[in-house]
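Colleague: Data file model_37.tsv (TSV, C-alpha atoms and all ligand atoms) is appended below.
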```tsv
chain	number	residue	atom	x	y	z
J	7	MET	CA	9.59	-66.48	-98.93
J	8	ILE	CA	7.56	-63.69	-97.30
J	9	ASN	CA	4.18	-64.94	-96.06
J	10	ASN	CA	2.00	-64.57	-92.96
J	11	GLU	CA	4.04	-67.17	-91.13
J	12	SER	CA	7.35	-65.42	-91.77
J	13	ILE	CA	5.81	-62.03	-90.87
J	14	LEU	CA	4.49	-63.51	-87.62
J	15	ASN	CA	7.94	-64.88	-86.88
J	16	VAL	CA	9.44	-61.40	-87.37
J	17	CYS	CA	6.81	-59.85	-85.09
J	18	ARG	CA	7.46	-62.43	-82.36
J	19	ALA	CA	11.17	-61.54	-82.49
J	20	PHE	CA	10.13	-57.99	-81.51
J	21	GLY	CA	8.10	-59.35	-78.57
J	22	ILE	CA	4.72	-58.75	-80.19
J	23	ASP	CA	2.05	-61.13	-78.92
J	24	GLY	CA	-1.58	-61.66	-79.79
J	25	ARG	CA	-3.21	-63.21	-82.85
J	26	LEU	CA	-2.14	-62.01	-86.30
J	27	THR	CA	-5.48	-61.31	-88.03
J	28	LYS	CA	-4.45	-59.40	-91.15
J	29	THR	CA	-1.47	-58.39	-93.23
J	30	LYS	CA	-1.58	-55.75	-95.94
J	31	PRO	CA	1.28	-54.74	-98.26
J	32	LEU	CA	1.75	-50.96	-98.55
J	33	THR	CA	3.15	-50.32	-102.01
J	34	ASP	CA	3.70	-46.54	-102.17
J	35	GLY	CA	7.49	-46.69	-101.72
J	36	HIS	CA	10.05	-47.62	-104.39
J	37	ILE	CA	12.65	-49.02	-101.99
J	38	ASN	CA	11.63	-51.07	-98.96
J	39	THR	CA	9.07	-53.89	-98.60
J	40	THR	CA	6.36	-52.61	-96.30
J	41	ILE	CA	3.52	-54.51	-94.63
J	42	CYS	CA	0.87	-53.45	-92.16
J	43	ALA	CA	0.30	-56.27	-89.62
J	44	VAL	CA	-2.83	-56.28	-87.44
J	45	PHE	CA	-2.97	-58.19	-84.13
J	46	GLU	CA	-5.83	-58.99	-81.82
J	47	THR	CA	-4.65	-58.83	-78.22
J	48	ASP	CA	-6.24	-58.79	-74.77
J	49	GLU	CA	-5.84	-54.99	-74.84
J	50	GLY	CA	-7.57	-54.67	-78.21
J	51	VAL	CA	-6.44	-54.37	-81.83
J	52	LYS	CA	-2.82	-53.33	-82.42
J	53	LYS	CA	-1.26	-52.38	-85.76
J	54	TYR	CA	2.40	-52.48	-86.71
J	55	LEU	CA	4.41	-51.41	-89.69
J	56	VAL	CA	6.69	-54.32	-90.58
J	57	GLN	CA	9.38	-53.36	-93.07
J	58	LYS	CA	12.15	-55.26	-94.82
J	59	ILE	CA	15.11	-52.92	-95.22
J	60	ASN	CA	16.40	-52.86	-98.78
J	61	THR	CA	20.02	-53.81	-98.08
J	62	ASN	CA	20.92	-53.51	-101.75
J	63	VAL	CA	20.28	-49.78	-101.30
J	64	PHE	CA	21.25	-49.43	-97.63
J	65	LYS	CA	24.43	-51.43	-97.32
J	66	ASN	CA	24.91	-50.76	-93.61
J	67	PRO	CA	21.65	-51.46	-91.74
J	68	ASP	CA	23.33	-50.92	-88.34
J	69	ALA	CA	24.36	-47.37	-89.24
J	70	LEU	CA	20.96	-46.77	-90.85
J	71	MET	CA	19.01	-47.87	-87.78
J	72	ASN	CA	21.29	-45.96	-85.41
J	73	ASN	CA	20.69	-42.77	-87.40
J	74	ILE	CA	16.93	-43.04	-87.39
J	75	VAL	CA	16.59	-44.21	-83.79
J	76	ASN	CA	18.72	-41.26	-82.64
J	77	VAL	CA	16.87	-38.80	-84.88
J	78	THR	CA	13.42	-39.97	-83.75
J	79	HIS	CA	14.54	-39.77	-80.11
J	80	PHE	CA	15.69	-36.17	-80.71
J	81	LEU	CA	12.44	-35.29	-82.50
J	82	ARG	CA	10.29	-36.88	-79.79
J	83	LYS	CA	11.88	-34.71	-77.12
J	84	LYS	CA	11.35	-31.53	-79.17
J	85	ILE	CA	7.77	-32.42	-80.09
J	86	ARG	CA	6.94	-33.17	-76.45
J	87	ALA	CA	8.57	-29.91	-75.30
J	88	SER	CA	6.46	-27.89	-77.75
J	89	GLY	CA	3.22	-29.54	-76.60
J	90	GLY	CA	2.82	-31.86	-79.59
J	91	ASP	CA	1.94	-35.56	-79.59
J	92	PRO	CA	5.18	-37.53	-80.08
J	93	GLU	CA	3.23	-40.75	-80.67
J	94	ARG	CA	1.64	-39.37	-83.83
J	95	GLU	CA	4.19	-36.81	-84.94
J	96	THR	CA	7.24	-39.01	-85.28
J	97	LEU	CA	8.03	-42.66	-85.90
J	98	HIS	CA	8.46	-45.03	-83.00
J	99	PHE	CA	10.75	-48.02	-83.66
J	100	LEU	CA	10.49	-51.20	-81.62
J	101	LYS	CA	13.48	-53.15	-80.32
J	102	THR	CA	13.80	-56.90	-80.65
J	103	SER	CA	13.46	-58.99	-77.48
J	104	ASP	CA	17.24	-59.01	-77.17
J	105	GLY	CA	17.60	-55.26	-77.65
J	106	GLY	CA	18.47	-55.20	-81.37
J	107	LEU	CA	17.26	-52.51	-83.78
J	108	TYR	CA	16.41	-55.00	-86.52
J	109	PHE	CA	15.90	-58.74	-86.97
J	110	LYS	CA	17.53	-60.90	-89.61
J	111	ASP	CA	15.86	-63.95	-91.15
J	112	GLU	CA	16.30	-65.83	-94.43
J	113	ASN	CA	14.39	-63.04	-96.27
J	114	GLY	CA	16.57	-60.18	-95.04
J	115	CYS	CA	16.71	-57.47	-92.34
J	116	TRP	CA	13.43	-56.43	-90.72
J	117	ARG	CA	12.39	-53.53	-88.54
J	118	ILE	CA	9.06	-52.73	-86.95
J	119	TYR	CA	7.49	-49.44	-86.00
J	120	ARG	CA	4.16	-48.40	-84.63
J	121	PHE	CA	1.52	-47.90	-87.25
J	122	ILE	CA	0.15	-44.37	-87.15
J	123	ASP	CA	-3.56	-44.96	-87.49
J	124	ASP	CA	-6.21	-42.58	-88.85
J	125	SER	CA	-3.74	-41.21	-91.32
J	126	TYR	CA	-3.26	-41.37	-95.07
J	127	THR	CA	-0.75	-40.47	-97.77
J	128	TYR	CA	-1.05	-38.83	-101.20
J	129	ASN	CA	0.62	-39.72	-104.48
J	130	MET	CA	-1.18	-36.89	-106.29
J	131	ILE	CA	-2.37	-33.63	-104.84
J	132	ASP	CA	-6.12	-33.05	-104.94
J	133	SER	CA	-6.20	-29.62	-103.37
J	134	ILE	CA	-3.95	-26.58	-103.18
J	135	GLU	CA	-4.36	-26.48	-99.41
J	136	VAL	CA	-3.00	-30.00	-98.95
J	137	PHE	CA	0.22	-29.11	-100.73
J	138	CYS	CA	0.57	-25.96	-98.65
J	139	ASN	CA	0.23	-28.22	-95.57
J	140	ALA	CA	2.91	-30.51	-97.00
J	141	GLY	CA	5.26	-27.53	-97.37
J	142	GLU	CA	4.54	-26.56	-93.78
J	143	SER	CA	5.33	-30.11	-92.61
J	144	PHE	CA	8.66	-30.40	-94.39
J	145	GLY	CA	9.57	-26.81	-93.41
J	146	LYS	CA	8.83	-27.60	-89.78
J	147	PHE	CA	10.80	-30.82	-90.02
J	148	GLN	CA	13.78	-28.89	-91.38
J	149	LYS	CA	13.49	-26.41	-88.51
J	150	LEU	CA	13.25	-29.14	-85.87
J	151	LEU	CA	16.49	-30.68	-87.11
J	152	ASN	CA	18.34	-27.35	-87.31
J	153	ASP	CA	20.41	-28.07	-84.22
J	154	TYR	CA	20.79	-31.83	-84.66
J	155	PRO	CA	24.49	-32.72	-84.34
J	156	SER	CA	25.18	-33.56	-87.98
J	157	GLU	CA	28.62	-35.05	-87.24
J	158	THR	CA	26.89	-37.97	-85.46
J	159	LEU	CA	24.99	-38.99	-88.61
J	160	LEU	CA	26.42	-41.66	-90.84
J	161	GLU	CA	25.96	-41.18	-94.55
J	162	THR	CA	23.52	-43.99	-95.37
J	163	ILE	CA	23.99	-43.56	-99.13
J	164	PRO	CA	27.21	-41.76	-100.06
J	165	ASP	CA	26.82	-39.03	-102.71
J	166	PHE	CA	23.06	-39.45	-102.65
J	167	HIS	CA	22.33	-36.01	-104.11
J	168	ASN	CA	25.65	-35.47	-105.82
J	169	THR	CA	24.10	-34.75	-109.22
J	170	PRO	CA	27.41	-34.58	-111.18
J	171	LYS	CA	28.25	-38.07	-109.80
J	172	ARG	CA	24.78	-39.29	-110.82
J	173	ILE	CA	25.56	-38.16	-114.37
J	174	GLU	CA	28.93	-39.92	-114.29
J	175	ASN	CA	27.05	-43.07	-113.23
J	176	LEU	CA	24.67	-42.64	-116.16
J	177	GLU	CA	27.60	-42.34	-118.56
J	178	ALA	CA	29.24	-45.44	-117.06
J	179	SER	CA	26.00	-47.44	-117.31
J	180	ALA	CA	25.48	-46.33	-120.92
J	181	LYS	CA	29.02	-47.42	-121.71
J	182	ALA	CA	28.61	-50.80	-120.01
J	183	ASP	CA	25.13	-51.26	-121.53
J	184	VAL	CA	24.67	-54.57	-119.68
J	185	CYS	CA	21.11	-55.09	-120.93
J	186	ALA	CA	21.66	-53.81	-124.48
J	187	ARG	CA	19.10	-51.06	-123.82
J	188	LYS	CA	21.28	-48.07	-124.75
J	189	ALA	CA	20.33	-47.91	-128.43
J	190	GLY	CA	16.67	-47.43	-127.51
J	191	VAL	CA	17.34	-44.51	-125.15
J	192	GLN	CA	19.97	-42.42	-126.93
J	193	LYS	CA	17.55	-39.48	-127.08
J	194	GLU	CA	17.09	-39.55	-123.31
J	195	ILE	CA	20.84	-39.92	-122.70
J	196	ASP	CA	21.48	-36.90	-124.94
J	197	PHE	CA	18.80	-34.93	-123.09
J	198	ALA	CA	20.54	-35.64	-119.78
J	199	LEU	CA	24.06	-34.89	-121.00
J	200	ALA	CA	23.01	-31.62	-122.66
J	201	ARG	CA	22.25	-30.23	-119.16
J	202	LYS	CA	25.44	-31.45	-117.51
J	203	ASP	CA	26.76	-27.92	-116.90
J	204	LYS	CA	23.76	-27.12	-114.67
J	205	ALA	CA	24.23	-30.14	-112.41
J	206	GLY	CA	26.87	-28.82	-110.03
J	207	LEU	CA	25.51	-25.39	-109.07
J	208	ALA	CA	24.10	-26.34	-105.65
J	209	LEU	CA	27.26	-28.15	-104.60
J	210	GLU	CA	29.34	-25.18	-105.79
J	211	LEU	CA	27.27	-22.78	-103.68
J	212	CYS	CA	27.90	-25.01	-100.68
J	213	GLU	CA	31.61	-25.42	-101.37
J	214	ASN	CA	31.96	-21.61	-101.70
J	215	GLY	CA	30.28	-21.21	-98.33
J	216	GLU	CA	27.27	-19.42	-99.83
J	217	ILE	CA	24.76	-21.98	-98.57
J	218	PRO	CA	25.10	-24.09	-95.41
J	219	LEU	CA	25.27	-27.83	-95.00
J	220	ARG	CA	22.30	-28.85	-92.84
J	221	VAL	CA	20.65	-32.02	-91.62
J	222	THR	CA	18.09	-32.84	-94.29
J	223	HIS	CA	15.55	-35.55	-95.07
J	224	ASN	CA	16.66	-36.01	-98.68
J	225	ASP	CA	13.55	-37.88	-99.84
J	226	THR	CA	10.72	-35.39	-99.49
J	227	LYS	CA	8.14	-37.10	-101.66
J	228	LEU	CA	4.59	-36.24	-100.81
J	229	ASN	CA	3.92	-39.87	-99.83
J	230	ASN	CA	6.56	-39.54	-97.14
J	231	ILE	CA	4.17	-37.40	-95.10
J	232	LEU	CA	1.28	-38.92	-93.17
J	233	PHE	CA	-1.79	-36.68	-93.13
J	234	ASP	CA	-4.24	-36.79	-90.23
J	235	SER	CA	-7.66	-38.16	-91.26
J	236	GLN	CA	-9.47	-35.67	-89.00
J	237	SER	CA	-7.56	-32.39	-89.41
J	238	HIS	CA	-6.17	-33.18	-92.91
J	239	LYS	CA	-2.92	-31.57	-91.76
J	240	GLY	CA	0.48	-33.18	-92.33
J	241	ILE	CA	1.21	-34.85	-88.99
J	242	CYS	CA	4.26	-37.03	-89.43
J	243	VAL	CA	7.26	-37.03	-91.74
J	244	ILE	CA	8.19	-40.65	-92.41
J	245	ASP	CA	10.80	-42.60	-94.42
J	246	LEU	CA	13.78	-41.36	-92.45
J	247	ASP	CA	16.38	-43.63	-94.08
J	248	THR	CA	18.15	-40.85	-95.95
J	249	ILE	CA	18.43	-38.28	-93.16
J	250	MET	CA	21.97	-37.08	-93.65
J	251	PRO	CA	23.92	-33.87	-93.93
J	252	GLY	CA	22.57	-32.16	-97.05
J	253	LEU	CA	21.21	-28.96	-98.54
J	254	SER	CA	17.79	-27.41	-97.89
J	255	LEU	CA	17.60	-27.21	-101.70
J	256	TYR	CA	17.43	-31.00	-101.93
J	257	ASP	CA	14.36	-31.15	-99.72
J	258	PHE	CA	12.56	-28.23	-101.32
J	259	GLY	CA	13.38	-29.32	-104.86
J	260	ASP	CA	12.40	-32.94	-104.41
J	261	ALA	CA	9.06	-32.00	-102.87
J	262	ILE	CA	8.29	-29.80	-105.89
J	263	ARG	CA	9.47	-32.51	-108.29
J	264	PHE	CA	7.03	-35.02	-106.89
J	265	GLY	CA	4.17	-32.78	-105.79
J	266	ALA	CA	3.82	-29.72	-108.04
J	267	LYS	CA	2.91	-31.82	-111.04
J	268	THR	CA	-0.17	-32.47	-113.12
J	269	ALA	CA	0.26	-36.25	-113.51
J	270	GLU	CA	1.65	-39.25	-111.64
J	271	GLU	CA	5.41	-39.86	-111.59
J	272	ASP	CA	4.98	-42.78	-114.00
J	273	GLU	CA	2.36	-41.28	-116.34
J	274	ALA	CA	3.35	-42.43	-119.84
J	275	ASP	CA	1.25	-39.85	-121.70
J	276	LEU	CA	3.68	-36.95	-121.61
J	277	SER	CA	1.08	-34.47	-122.83
J	278	LYS	CA	-0.41	-34.72	-119.31
J	279	VAL	CA	2.90	-34.01	-117.54
J	280	SER	CA	3.59	-30.46	-116.50
J	281	VAL	CA	4.55	-28.30	-113.55
J	282	SER	CA	1.69	-26.55	-111.76
J	283	LEU	CA	2.60	-23.00	-110.78
J	284	GLU	CA	-0.39	-22.88	-108.46
J	285	LEU	CA	0.95	-25.90	-106.58
J	286	TYR	CA	4.48	-24.47	-106.65
J	287	GLU	CA	3.18	-21.32	-105.02
J	288	ALA	CA	1.18	-23.24	-102.40
J	289	TYR	CA	4.13	-25.39	-101.35
J	290	THR	CA	6.49	-22.39	-101.26
J	291	ARG	CA	4.02	-20.54	-99.05
J	292	GLY	CA	3.68	-23.46	-96.63
J	293	TYR	CA	7.39	-24.19	-96.56
J	294	LEU	CA	8.52	-20.59	-96.09
J	295	SER	CA	5.86	-19.92	-93.46
J	296	SER	CA	7.54	-22.67	-91.39
J	297	CYS	CA	11.21	-21.94	-91.97
J	298	ALA	CA	11.86	-18.69	-93.90
J	299	ALA	CA	13.65	-17.15	-90.93
J	300	ALA	CA	16.06	-20.08	-90.75
J	301	LEU	CA	17.10	-19.86	-94.41
J	302	THR	CA	19.84	-17.71	-95.90
J	303	LYS	CA	19.16	-15.36	-98.81
J	304	ALA	CA	21.26	-17.54	-101.13
J	305	GLU	CA	19.12	-20.57	-100.24
J	306	VAL	CA	15.88	-18.70	-100.95
J	307	ASP	CA	17.29	-17.40	-104.24
J	308	SER	CA	18.05	-20.97	-105.35
J	309	LEU	CA	14.75	-22.64	-104.41
J	310	ALA	CA	13.26	-22.50	-107.90
J	311	TYR	CA	16.48	-23.86	-109.42
J	312	SER	CA	16.39	-26.75	-106.92
J	313	ALA	CA	13.12	-27.96	-108.47
J	314	PHE	CA	14.97	-28.23	-111.78
J	315	LEU	CA	17.96	-29.92	-110.16
J	316	MET	CA	16.09	-32.60	-108.25
J	317	THR	CA	13.79	-33.45	-111.16
J	318	TYR	CA	16.76	-33.69	-113.51
J	319	GLU	CA	18.69	-35.84	-111.04
J	320	CYS	CA	15.75	-38.17	-110.49
J	321	GLY	CA	15.26	-38.61	-114.24
J	322	VAL	CA	18.97	-39.42	-114.56
J	323	ARG	CA	18.65	-42.01	-111.77
J	324	PHE	CA	15.62	-43.71	-113.36
J	325	LEU	CA	17.37	-43.80	-116.74
J	326	THR	CA	20.56	-45.22	-115.18
J	327	ASP	CA	18.56	-47.93	-113.44
J	328	TYR	CA	16.81	-48.78	-116.71
J	329	LEU	CA	20.22	-49.22	-118.38
J	330	ASP	CA	21.45	-51.29	-115.41
J	331	GLY	CA	18.50	-53.69	-115.70
J	332	ASP	CA	16.19	-52.28	-112.95
J	333	VAL	CA	18.33	-53.23	-110.01
J	334	TYR	CA	17.57	-50.28	-107.69
J	335	PHE	CA	13.99	-49.01	-107.88
J	336	LYS	CA	11.04	-51.38	-107.60
J	337	THR	CA	9.35	-51.70	-110.97
J	338	ALA	CA	5.98	-53.10	-111.99
J	339	TYR	CA	6.79	-53.78	-115.66
J	340	PRO	CA	9.96	-53.92	-117.84
J	341	GLU	CA	9.80	-50.32	-119.20
J	342	HIS	CA	8.73	-48.77	-115.89
J	343	ASN	CA	12.01	-46.97	-115.16
J	344	LEU	CA	12.17	-45.64	-118.71
J	345	VAL	CA	8.62	-44.32	-118.48
J	346	ARG	CA	9.55	-42.64	-115.19
J	347	ALA	CA	12.71	-41.14	-116.72
J	348	ARG	CA	10.82	-39.73	-119.71
J	349	ASN	CA	8.20	-38.33	-117.37
J	350	GLN	CA	10.86	-36.59	-115.25
J	351	PHE	CA	12.58	-35.18	-118.32
J	352	LYS	CA	9.27	-33.76	-119.55
J	353	MET	CA	8.91	-32.12	-116.12
J	354	VAL	CA	12.46	-30.74	-116.51
J	355	GLU	CA	11.46	-29.09	-119.80
J	356	GLU	CA	8.34	-27.64	-118.19
J	357	ILE	CA	10.32	-26.32	-115.22
J	358	GLU	CA	12.88	-24.78	-117.58
J	359	LYS	CA	10.08	-22.94	-119.40
J	360	ASN	CA	8.61	-21.67	-116.12
J	361	LEU	CA	11.78	-21.04	-114.14
J	362	ASP	CA	11.67	-17.24	-114.26
J	363	GLU	CA	8.06	-17.22	-113.10
J	364	MET	CA	8.91	-19.69	-110.31
J	365	LYS	CA	11.70	-17.37	-109.19
J	366	ARG	CA	9.29	-14.41	-109.15
J	367	ILE	CA	6.76	-16.38	-107.11
J	368	THR	CA	9.40	-17.41	-104.56
J	369	LYS	CA	10.64	-13.83	-104.18
J	370	ARG	CA	7.13	-12.46	-103.72
J	371	ILE	CA	6.12	-15.02	-101.12
J	372	TYR	CA	9.37	-14.71	-99.21
J	373	LYS	CA	8.93	-10.94	-99.04
J	374	GLU	CA	5.32	-11.28	-97.85
J	375	ILE	CA	6.25	-13.78	-95.15
J	376	ILE	CA	9.24	-11.83	-93.86
J	377	GLN	CA	7.24	-8.57	-93.79
J	378	ASN	CA	4.40	-10.17	-91.83
J	379	SER	CA	6.60	-11.98	-89.33
N	401	LIG	P1	9.90	-46.66	-98.82
N	401	LIG	O1	11.25	-46.36	-98.25
N	401	LIG	O2	9.86	-47.90	-99.62
N	401	LIG	O3	9.36	-45.47	-99.55
N	401	LIG	P2	8.21	-45.92	-96.54
N	401	LIG	O4	8.93	-45.96	-95.22
N	401	LIG	O5	8.01	-44.59	-97.14
N	401	LIG	O6	8.95	-46.93	-97.56
N	401	LIG	O7	6.81	-46.65	-96.34
N	401	LIG	C1	5.97	-46.96	-97.44
N	401	LIG	C2	4.55	-46.48	-97.18
N	401	LIG	O8	4.03	-47.10	-95.97
N	401	LIG	C3	4.40	-44.98	-96.92
N	401	LIG	O9	4.33	-44.24	-98.12
N	401	LIG	C4	3.11	-44.93	-96.11
N	401	LIG	O10	1.97	-45.03	-96.96
N	401	LIG	C5	3.16	-46.21	-95.27
N	401	LIG	N1	3.69	-45.99	-93.90
N	401	LIG	C6	5.00	-45.95	-93.57
N	401	LIG	N2	5.16	-45.77	-92.24
N	401	LIG	C7	3.92	-45.73	-91.70
N	401	LIG	C8	3.43	-45.60	-90.33
N	401	LIG	N3	4.23	-45.51	-89.27
N	401	LIG	N4	2.08	-45.59	-90.15
N	401	LIG	C9	1.25	-45.70	-91.22
N	401	LIG	N5	1.66	-45.84	-92.50
N	401	LIG	C10	2.97	-45.85	-92.76
N	402	LIG	C1	12.69	-43.40	-103.76
N	402	LIG	O1	11.71	-44.64	-101.04
N	402	LIG	P1	10.86	-43.67	-101.81
N	402	LIG	O2	9.91	-44.31	-102.72
N	402	LIG	O3	10.26	-42.67	-100.87
N	402	LIG	C2	14.14	-42.91	-103.66
N	402	LIG	C3	14.17	-41.40	-103.87
N	402	LIG	C4	13.60	-41.04	-105.23
N	402	LIG	C5	12.18	-41.60	-105.32
N	402	LIG	C6	11.59	-41.39	-106.70
N	402	LIG	C7	16.39	-44.17	-100.91
N	402	LIG	O4	11.92	-42.83	-102.73
N	402	LIG	O5	15.51	-40.94	-103.78
N	402	LIG	O6	13.59	-39.66	-105.42
N	402	LIG	O7	12.15	-43.02	-105.04
N	402	LIG	N1	14.68	-43.28	-102.36
N	402	LIG	C8	15.92	-43.79	-102.28
N	402	LIG	O8	10.23	-41.56	-106.63
N	402	LIG	O9	16.66	-43.95	-103.25
N	403	MG	MG	8.73	-43.64	-98.93
```
Output the structure of this file as structure tokens.
Ligand code: ADP
Ligand code: GN1
Ligand code: MG
Modeller:
Amino acid sequence: MINNESILNVCRAFGIDGRLTKTKPLTDGHINTTICAVFETDEGVKKYLVQKINTNVFKNPDALMNNIVNVTHFLRKKIRASGGDPERETLHFLKTSDGGLYFKDENGCWRIYRFIDDSYTYNMIDSIEVFCNAGESFGKFQKLLNDYPSETLLETIPDFHNTPKRIENLEASAKADVCARKAGVQKEIDFALARKDKAGLALELCENGEIPLRVTHNDTKLNNILFDSQSHKGICVIDLDTIMPGLSLYDFGDAIRFGAKTAEEDEADLSKVSVSLELYEAYTRGYLSSCAAALTKAEVDSLAYSAFLMTYECGVRFLTDYLDGDVYFKTAYPEHNLVRARNQFKMVEEIEKNLDEMKRITKRIYKEIIQNS
């Protein structure tokens, strides 16, 4: 059982002393179990981010922790060299007293990192400027990792953004129908399968050598950026578990999927769910202002399509998990994954309707940025 005593025990294993005065669950993420732990020490109040790694999702916690410790080390050096503040601009993982990268107890595998104070996250955008800042942050992150040796990264989740494979998984789950939920979601399954021919385009571009394999974040949800409470700028990209070789399209598309929307990811009233072209434009501007020069023409040409792809893929994943009995994503109620899947599929329809306009916007902004650089 996870309680204050077990959390304290984890913290002690990482050599943290002082008096544990408060614990607070942070529930933004769908994967790990995250708690903020506050200690009173002789040197004042200290906050830590205590996180149980979801080992159902990340089967190899050693490889996972090696990846992110190496990546944060690499980022820290670059941030320091460019005059930034490595303490606030990247995550800092603690080692256990005997030098380990995580600690195992009866609840699972735990890691601890420094809590970045005076920061906040968003689940919904409340201003155009914020989303432009988010684009800048992920664009900068992409640029910082441009020369990271990708061959040293272990794939923490194989085929993570292999959309055709995700569709095969959906078909297999529908066939197995372990929870007898298939009959109630035939419409959604048909929706997904009707777009099957559009699922492999990004991978094809990569296989044909038209777009490069890069080191990417792969989970660029808005709530994976910490914003500074003073400057309101994106300061730190977090949730580094899925940093792997991937396509820039995955990171751009997923950020649009989650951010350029008019309602929460689990809004059940589909009449509220749409893509915001204003937000699309703002993110594209921020993103391209950070990394346009590093992208190839074929990547830029496919950015709008990537919003379709990642939204479609995410809907397929939610639907698959619903059919499987909610074994992957955290859910708050029995139909939660289905509500999320329907929401994503509504977004897919909206993106399809607006795709040409999204392409025009991307082209215009890219041209502006390249001309002014
Ligand atoms: P998950 O993989 O489950 O999405 P995250 O690593 O994204 O977990 O963490 C969940 C939430 O915890 C984040 O959305 C953010 O609100 C908060 N958080 C994570 N790391 C930090 C940190 N170092 N400092 C402050 N808040 C953090
Ligand atoms: C998960 O961990 P979190 O909440 O940032 C998921 C993403 C999905 C997202 C949908 C490792 O992201 O791939 O796009 O939920 N992360 C993993 O909201 O599967
Ligand atoms: Mg997260």
Colleague: List all protein, DNA and RNA residues that have any atom at most 10 Å from ligand LIG 401 (chain N), counting all atoms listed in the file, and write the list as number ranges by chain.
Modeller: J: 31-42, 53-60, 93-99, 118-129, 225-233, 242-248, 335-336
Colleague: Name the closest residue to J:Leu329 among the candidates J:Lys369, J:Lys188, J:Lys101, J:Lys359; distances are taken between atoms, counting only C-alpha atoms.
Modeller: J:Lys188
Colleague: What lies within 12 Å of J:Asp68 using all atoms listed in the file, ignoring chain neighbours under 2 positions off, as a ChimeraX atom specification?
Modeller: /J:59,61,64-66,70-75,106-110,115-117,160-162,247
Colleague: What is the atom CA of J:His238-atom CA of J:Asn139 distance in Å, reported with one decimal?
Modeller: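 A separation of 8.5 Å between them.
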Colleague: Which of these, J:Asp362, J:His223, J:Val354, J:Glu174, has the shortest distance to ligand MG 403 (chain N) once you count all atoms listed in the file?
Modeller: J:His223
Colleague: Record the distance separating atom CA of J:Met353 and atom CA of J:Glu319, expressed in Å with one decimal.
Modeller: 11.6 Å
Colleague: For each of J:Asp330, J:Ile163, J:Thr290, J:Leu283, take the minimum atom-to-atom distance to J:Asn62, counting all atoms listed in the file, then give the residue where this is smallest.
Modeller: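 Closest to J:Asn62 of all the choices is J:Ile163.
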Colleague: So which one's closest to J:Asp332, J:Ala43, J:Leu344, J:Ala180, J:Leu301? Using all atoms listed in the file, please.
Modeller: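 Ranking J:Ala43, J:Leu344, J:Ala180, J:Leu301 by distance to J:Asp332, first place goes to J:Leu344.
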Colleague: Just checking: using all atoms listed in the file, which residue out of J:Asn224, J:Ser133, J:Ser312, J:Thr27 ends up closest to ligand LIG 402 (chain N)?
Modeller: J:Asn224
Colleague: Could you check the closest approach to J:Ser237 for each of J:Leu100, J:Val136, J:Asn10, J:Tyr256 and tell me which residue wins, using all atoms listed in the file?
Modeller: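 Between J:Leu100, J:Val136, J:Asn10, J:Tyr256, the residue approaching J:Ser237 most closely is J:Val136.
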Colleague: Could you name the residues that touch J:Ile376 at 9 Å or less, counting all atoms listed in the file, but leaving out those on the same chain fewer than 6 positions away, as a list in words?
Modeller: Ser295, Ala298 and Ala299 of chain J
Colleague: Could you tell me how far atom CA of J:Arg25 sits from atom CA of J:Glu49, in Å to one decimal place?
Modeller: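 Atom-to-atom, atom CA of J:Glu49 to atom CA of J:Arg25, that is 11.8 Å.
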Colleague: Pick out the residues sitting within 6 Å of J:Gly141, and hand them over as a list in words; count only C-alpha atoms, and ignore anything fewer than 2 positions along from it in its own chain.
Modeller: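 These residues fall inside the cut-off: Cys138, Asn139, Ser143, Phe144, Gly145, Tyr289, Gly292 and Tyr293 of chain J.
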Colleague: For stretch 102-153 of chain J against stretch 258-269 of chain J, with a cut-off of 8 Å and counting all atoms listed in the file, what is the closest atom pair and its distance in Å to one decimal for every residue that makes the cut, ordered by chain and number, as JSON lines?
Modeller:
```
{"residue": "J:Asn129", "atom": "CA", "partner": "J:Gly265", "partner_atom": "CA", "distance": 7.9}
{"residue": "J:Met130", "atom": "CA", "partner": "J:Gly265", "partner_atom": "CA", "distance": 6.8}
{"residue": "J:Ile131", "atom": "CA", "partner": "J:Gly265", "partner_atom": "CA", "distance": 6.7}
{"residue": "J:Phe137", "atom": "CA", "partner": "J:Gly265", "partner_atom": "CA", "distance": 7.4}
```
Colleague: Show me, as a list in words, the residues that have an atom within 12 Å of J:Asp203 when counting all atoms listed in the file, minus same-chain residues fewer than 3 positions from it.
Modeller: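 Close residues of J:Asp203: Thr169, Pro170, Ile173, Ala198, Leu199, Ala200, Gly206, Leu207, Ala208, Glu210 and Leu315 of chain J.
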